[in-house]
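Participant: Structure: upload.txt, compact mmCIF, C-alpha atoms.
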# COMPACT_ATOMS: atom_id res chain seq x y z
CA MET A 629 9.89 32.03 58.23
CA LYS A 630 7.78 28.87 58.45
CA GLN A 631 4.03 29.37 58.06
CA ILE A 632 1.37 27.52 60.00
CA VAL A 633 -2.38 27.99 60.08
CA LEU A 634 -4.18 28.72 63.32
CA ALA A 635 -7.52 26.91 63.47
CA SER A 636 -9.24 29.96 64.94
CA ASN A 637 -10.47 33.39 63.95
CA ASN A 638 -10.19 34.78 67.48
CA PRO A 639 -8.05 37.96 67.28
CA GLY A 640 -6.93 37.62 70.91
CA LYS A 641 -5.62 34.10 70.35
CA LEU A 642 -4.01 35.09 67.05
CA ARG A 643 -2.16 37.93 68.78
CA GLU A 644 -0.96 35.72 71.67
CA PHE A 645 0.14 32.83 69.45
CA GLY A 646 1.68 35.14 66.86
CA GLN A 647 3.83 36.97 69.41
CA MET A 648 5.18 33.86 71.07
CA LEU A 649 5.73 31.72 67.95
CA ALA A 650 7.51 34.56 66.15
CA THR A 651 10.36 33.94 68.62
CA ILE A 652 11.09 30.64 66.85
CA ASP A 653 10.59 32.01 63.34
CA ILE A 654 7.03 30.76 62.81
CA GLU A 655 4.40 32.97 61.18
CA VAL A 656 0.86 32.23 62.32
CA LEU A 657 -1.90 32.78 59.76
CA PRO A 658 -5.56 32.67 60.83
CA GLN A 659 -7.80 30.21 59.05
CA ALA A 660 -9.86 33.19 57.82
CA HIS A 661 -6.86 34.08 55.63
CA PHE A 662 -7.75 30.93 53.64
CA ASN A 663 -11.55 31.40 53.87
CA ILE A 664 -11.82 28.25 55.97
CA PRO A 665 -15.03 27.86 57.96
CA GLU A 666 -14.75 26.98 61.63
CA ALA A 667 -14.69 23.25 62.34
CA GLU A 668 -17.43 21.55 64.28
CA GLU A 669 -16.63 21.04 67.98
CA PRO A 670 -18.91 18.14 68.92
CA HIS A 671 -16.71 16.56 71.57
CA ILE A 672 -16.92 16.73 75.35
CA THR A 673 -13.16 17.07 75.94
CA PHE A 674 -10.77 19.88 75.10
CA VAL A 675 -8.24 17.54 73.46
CA GLU A 676 -10.74 15.95 71.06
CA ASN A 677 -12.07 19.33 69.94
CA ALA A 678 -8.57 20.76 69.44
CA LEU A 679 -7.50 17.73 67.41
CA ALA A 680 -10.60 17.95 65.19
CA LYS A 681 -9.95 21.67 64.55
CA ALA A 682 -6.25 21.16 63.77
CA ARG A 683 -6.91 18.33 61.31
CA HIS A 684 -9.68 20.37 59.64
CA ALA A 685 -7.40 23.40 59.10
CA ALA A 686 -4.47 21.27 57.88
CA ARG A 687 -6.71 19.34 55.48
CA LEU A 688 -8.10 22.51 53.87
CA THR A 689 -4.80 24.44 53.63
CA GLY A 690 -2.11 21.80 53.18
CA LEU A 691 -0.13 23.59 55.91
CA PRO A 692 0.84 22.47 59.40
CA ALA A 693 -1.92 23.54 61.76
CA LEU A 694 -2.26 24.61 65.36
CA ALA A 695 -5.53 24.46 67.24
CA ASP A 696 -6.44 25.43 70.74
CA ASP A 697 -9.46 24.38 72.70
CA SER A 698 -9.72 26.25 75.91
CA GLY A 699 -12.24 27.33 78.43
CA ILE A 700 -12.93 28.07 82.02
CA CYS A 701 -13.95 25.42 84.54
CA VAL A 702 -15.77 26.62 87.64
CA HIS A 703 -15.69 24.31 90.66
CA ALA A 704 -19.13 25.24 92.03
CA LEU A 705 -20.66 24.53 88.61
CA GLY A 706 -19.20 21.04 88.27
CA GLY A 707 -16.56 22.23 85.79
CA ALA A 708 -18.98 24.22 83.62
CA PRO A 709 -18.84 25.97 81.27
CA GLY A 710 -15.77 23.87 80.28
CA VAL A 711 -15.65 23.02 76.58
CA TYR A 712 -18.80 25.10 76.09
CA SER A 713 -17.15 28.32 77.36
CA ALA A 714 -17.28 30.18 74.03
CA ARG A 715 -20.99 29.42 73.56
CA TYR A 716 -22.09 29.18 77.19
CA ALA A 717 -25.01 31.57 76.63
CA GLY A 718 -25.83 30.11 73.19
CA GLU A 719 -25.46 31.43 69.66
CA PRO A 720 -24.26 33.78 68.42
CA LYS A 721 -21.10 33.72 70.56
CA SER A 722 -20.98 36.66 72.95
CA ASP A 723 -18.43 37.32 75.70
CA GLU A 724 -20.86 39.70 77.38
CA ARG A 725 -23.75 37.22 77.49
CA ASN A 726 -21.42 34.38 78.56
CA ASN A 727 -20.15 36.44 81.47
CA GLN A 728 -23.67 37.47 82.48
CA LYS A 729 -24.74 33.83 82.54
CA LEU A 730 -21.69 32.79 84.56
CA ILE A 731 -22.27 35.46 87.22
CA SER A 732 -25.97 34.57 87.33
CA GLU A 733 -25.18 30.85 87.81
CA LEU A 734 -22.78 31.69 90.64
CA ALA A 735 -25.26 33.91 92.53
CA GLY A 736 -25.32 32.88 96.18
CA LYS A 737 -22.43 30.41 95.84
CA GLN A 738 -19.50 30.82 98.22
CA ASP A 739 -17.00 28.70 96.27
CA ARG A 740 -15.67 30.95 93.50
CA ARG A 741 -12.65 28.84 92.53
CA ALA A 742 -12.10 28.45 88.81
CA HIS A 743 -9.36 27.56 86.40
CA TYR A 744 -8.70 28.17 82.77
CA VAL A 745 -7.64 25.18 80.68
CA ALA A 746 -5.87 25.31 77.32
CA VAL A 747 -5.11 22.29 75.18
CA LEU A 748 -2.98 22.95 72.10
CA VAL A 749 -2.71 20.46 69.27
CA PHE A 750 -0.18 20.83 66.47
CA VAL A 751 -0.31 18.60 63.38
CA HIS A 752 2.28 18.51 60.62
CA HIS A 753 -0.45 17.46 58.18
CA ALA A 754 -4.09 16.39 58.35
CA GLU A 755 -3.33 12.70 58.84
CA ASP A 756 -0.45 13.21 61.30
CA PRO A 757 -0.36 10.03 63.43
CA GLN A 758 1.56 11.74 66.24
CA PRO A 759 0.15 15.19 66.93
CA ILE A 760 1.92 17.33 69.48
CA ILE A 761 -0.43 17.90 72.44
CA CYS A 762 0.31 20.42 75.21
CA GLU A 763 -1.86 21.49 78.12
CA GLY A 764 -1.81 24.34 80.63
CA GLU A 765 -3.98 25.49 83.54
CA TRP A 766 -4.34 28.85 85.29
CA HIS A 767 -6.04 28.91 88.69
CA GLY A 768 -7.98 31.81 90.15
CA GLU A 769 -11.49 32.78 91.20
CA ILE A 770 -14.53 34.48 89.73
CA ILE A 771 -15.55 37.96 90.88
CA ASP A 772 -18.96 39.58 90.34
CA THR A 773 -17.83 42.92 88.91
CA PRO A 774 -15.60 43.09 85.81
CA ARG A 775 -12.25 44.87 86.05
CA GLY A 776 -9.71 45.76 83.38
CA GLN A 777 -9.62 46.45 79.66
CA ASN A 778 -7.05 43.90 78.46
CA GLY A 779 -7.78 40.33 77.51
CA PHE A 780 -10.99 38.82 76.23
CA GLY A 781 -13.61 36.24 77.18
CA TYR A 782 -13.91 35.75 80.92
CA ASP A 783 -10.70 37.69 81.71
CA PRO A 784 -12.39 40.72 83.39
CA TYR A 785 -14.05 38.35 85.90
CA PHE A 786 -11.06 36.04 86.49
CA LEU A 787 -9.17 37.21 89.57
CA VAL A 788 -5.56 36.09 90.03
CA PRO A 789 -5.43 36.05 93.86
CA GLU A 790 -1.65 36.35 94.24
CA LEU A 791 -1.71 39.55 92.17
CA GLY A 792 -5.04 40.95 93.35
CA LEU A 793 -5.75 41.70 89.69
CA THR A 794 -7.98 40.20 87.04
CA ALA A 795 -6.61 38.66 83.87
CA ALA A 796 -7.89 41.79 82.10
CA GLU A 797 -5.83 44.09 84.33
CA ILE A 798 -2.40 42.59 83.71
CA SER A 799 -0.11 43.29 80.77
CA ALA A 800 0.02 40.99 77.76
CA GLU A 801 3.57 40.01 78.76
CA GLU A 802 2.51 39.08 82.30
CA LYS A 803 -0.50 37.21 80.97
CA ASN A 804 1.70 35.20 78.59
CA ARG A 805 3.92 34.25 81.55
CA ARG A 806 1.08 33.12 83.81
CA SER A 807 -1.83 32.01 81.65
CA HIS A 808 -3.03 28.55 80.73
CA ARG A 809 -2.39 29.31 77.07
CA GLY A 810 1.06 30.75 77.79
CA LYS A 811 2.03 27.62 79.73
CA ALA A 812 0.81 25.30 76.99
CA LEU A 813 2.44 27.44 74.30
CA ARG A 814 5.83 27.38 76.05
CA GLN A 815 5.62 23.57 76.10
CA LEU A 816 4.73 23.59 72.40
CA ILE A 817 7.64 25.91 71.54
CA GLU A 818 10.07 23.56 73.27
CA ARG A 819 8.64 20.61 71.34
CA LEU A 820 8.76 22.49 68.03
CA LYS A 821 12.40 23.46 68.61
CA LEU A 822 13.20 19.73 68.56
CA ASP A 823 11.03 19.21 65.50
CA VAL A 824 13.56 19.88 62.78
Please express what this file holds, its structure, as structure tokens.
Facilitator:
Amino acid sequence: MKQIVLASNNPGKLREFGQMLATIDIEVLPQAHFNIPEAEEPHITFVENALAKARHAARLTGLPALADDSGICVHALGGAPGVYSARYAGEPKSDERNNQKLISELAGKQDRRAHYVAVLVFVHHAEDPQPIICEGEWHGEIIDTPRGQNGFGYDPYFLVPELGLTAAEISAEEKNRRSHRGKALRQLIERLKLDV
């Protein structure tokens, strides 16, 4: 089984990536396994942040690396929190405080449309001149009251209108089929299958 390092310590992401990449005989190890500190994310786009994280993890481990930069973009907030989704309410990172801030910012706004974005970057090595870049989106709307126990981040507030359920109310399998990260990861798997 081929090993790659995931440039994240997020257990939810590790679980999602691990399950799907295992289908093509790839073992995903978190960067914490190598005592790697998180990379800086100074950029204003998802792709630049993901590339910086992937190169950082590959450089410090000598392994191929996968990084994801993802977030939620809310129409009524001009795309915020966007790349700042994980730290929307400041440091330390807190899903609960991020969600409280989001709901507060949306108070009185009629337009509740939002979409998750995931950009995945895979590098064979730190100086890879041709990283594999895949992107997915998942459209829905924000509700005021959280529902569901599955998922993480903004999932309990992200309603999938065609299902009438939040991202935290659907199964992991259904989420992998529909989600921004699942879409991007399926693209990546197809690319990696060709990458012999």
Participant: With distances taken over all atoms listed in the file, which of A:Val747, A:Ala680, A:Leu691, A:Ile672 is nearest to Pro709 of chain A?
Facilitator: A:Ile672
Participant: Which neighbours of Asn637 of chain A fall inside 7 Å, counting all atoms listed in the file, when residues of the same chain fewer than 4 positions from it are skipped, and could you give them as an MDAnalysis selection string?
Facilitator: chainID A and resid 658:660
Participant: Could you pull the residues within 9 Å of Asp772 of chain A, counting all atoms listed in the file, minus those fewer than 4 positions along the same chain, as a ChimeraX atom specification?
Facilitator: /A:731,734-735,785
Participant: Take atom CA of Ser698 of chain A and atom CA of Gly710 of chain A and report the distance between them in Å, one decimal.
Facilitator: 7.8 Å
Participant: At a cut-off of 7 Å, using all atoms listed in the file, what residues contact segment 761-767 of chain A? Leave out same-chain residues fewer than 6 positions from it and give the result as a PyMOL selection string.
Facilitator: chain A and resi 742-750+807-809+811-812+815-816
Participant: Near Leu642 of chain A, counting all atoms listed in the file, which residues have an atom at most 9 Å away, once you skip same-chain residues fewer than 5 positions from it, shown as a PyMOL selection string?
Facilitator: chain A and resi 634+636-637+647+656-658
Participant: A:Glu669, A:Asp783, A:Asp756, A:Asp653: which is nearest Gly640 of chain A, counting all atoms listed in the file?
Facilitator: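 Ranking A:Glu669, A:Asp783, A:Asp756, A:Asp653 by distance to Gly640 of chain A, first place goes to A:Asp783.
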Participant: May I have the residues within 9 Å of Ala754 of chain A as a list in words, using all atoms listed in the file and disregarding those fewer than 5 positions away in the same chain?
Facilitator: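 Using all atoms listed in the file, the neighbours found are Ala682, Arg683, His684, Ala685, Ala686, Arg687, Leu688, Gly690, Leu691, Pro692 and Ala693 of chain A.
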Participant: How many Å separate atom CA of Phe780 of chain A from atom CA of Ala796 of chain A?
Facilitator: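 Rounded to one decimal, the two atoms are 7.3 Å apart.
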Participant: Using only C-alpha atoms, can you tell me which of A:Thr689, A:Ala708, A:Lys821, A:Leu649 comes closest to Thr673 of chain A?
Facilitator: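 The answer is A:Ala708, which sits nearest to Thr673 of chain A.
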Participant: With distances taken over all atoms listed in the file, which residue among A:Ala714, A:Lys630, A:Arg741, A:Gly792 lies nearest Glu655 of chain A?
Facilitator: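 Going through A:Ala714, A:Lys630, A:Arg741, A:Gly792 one by one, the smallest distance to Glu655 of chain A is for A:Lys630.
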Participant: Tell me which of A:Gly768, A:Ser732, A:Met648, A:Gly781 sits closest to Ser713 of chain A, counting all atoms listed in the file.
Facilitator: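 That would be A:Gly781, the residue with the smallest distance to Ser713 of chain A.
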Participant: Which residue is closest to His671 of chain A? Choose from A:Val711, A:Ile770, A:Ser722, A:Glu644 and count all atoms listed in the file.
Facilitator: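 Between A:Val711, A:Ile770, A:Ser722, A:Glu644, the residue approaching His671 of chain A most closely is A:Val711.
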Participant: Work out how far atom CA of Tyr712 of chain A is from atom CA of Leu787 of chain A, in Å to one decimal.
Facilitator: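 We find that atom CA of Leu787 of chain A and atom CA of Tyr712 of chain A lie 20.5 Å from each other.
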Participant: Would you compute an axis-aligned box for segment 753-768 of chain A, covering every atom listed for it in the file with 3 Å of margin on each side, and report centre and edge lengths in Å to one decimal as lines of an AutoDock Vina configuration file?
Facilitator:
center_x = -3.0
center_y = 20.9
center_z = 74.2
size_x = 15.9
size_y = 27.8
size_z = 38.0
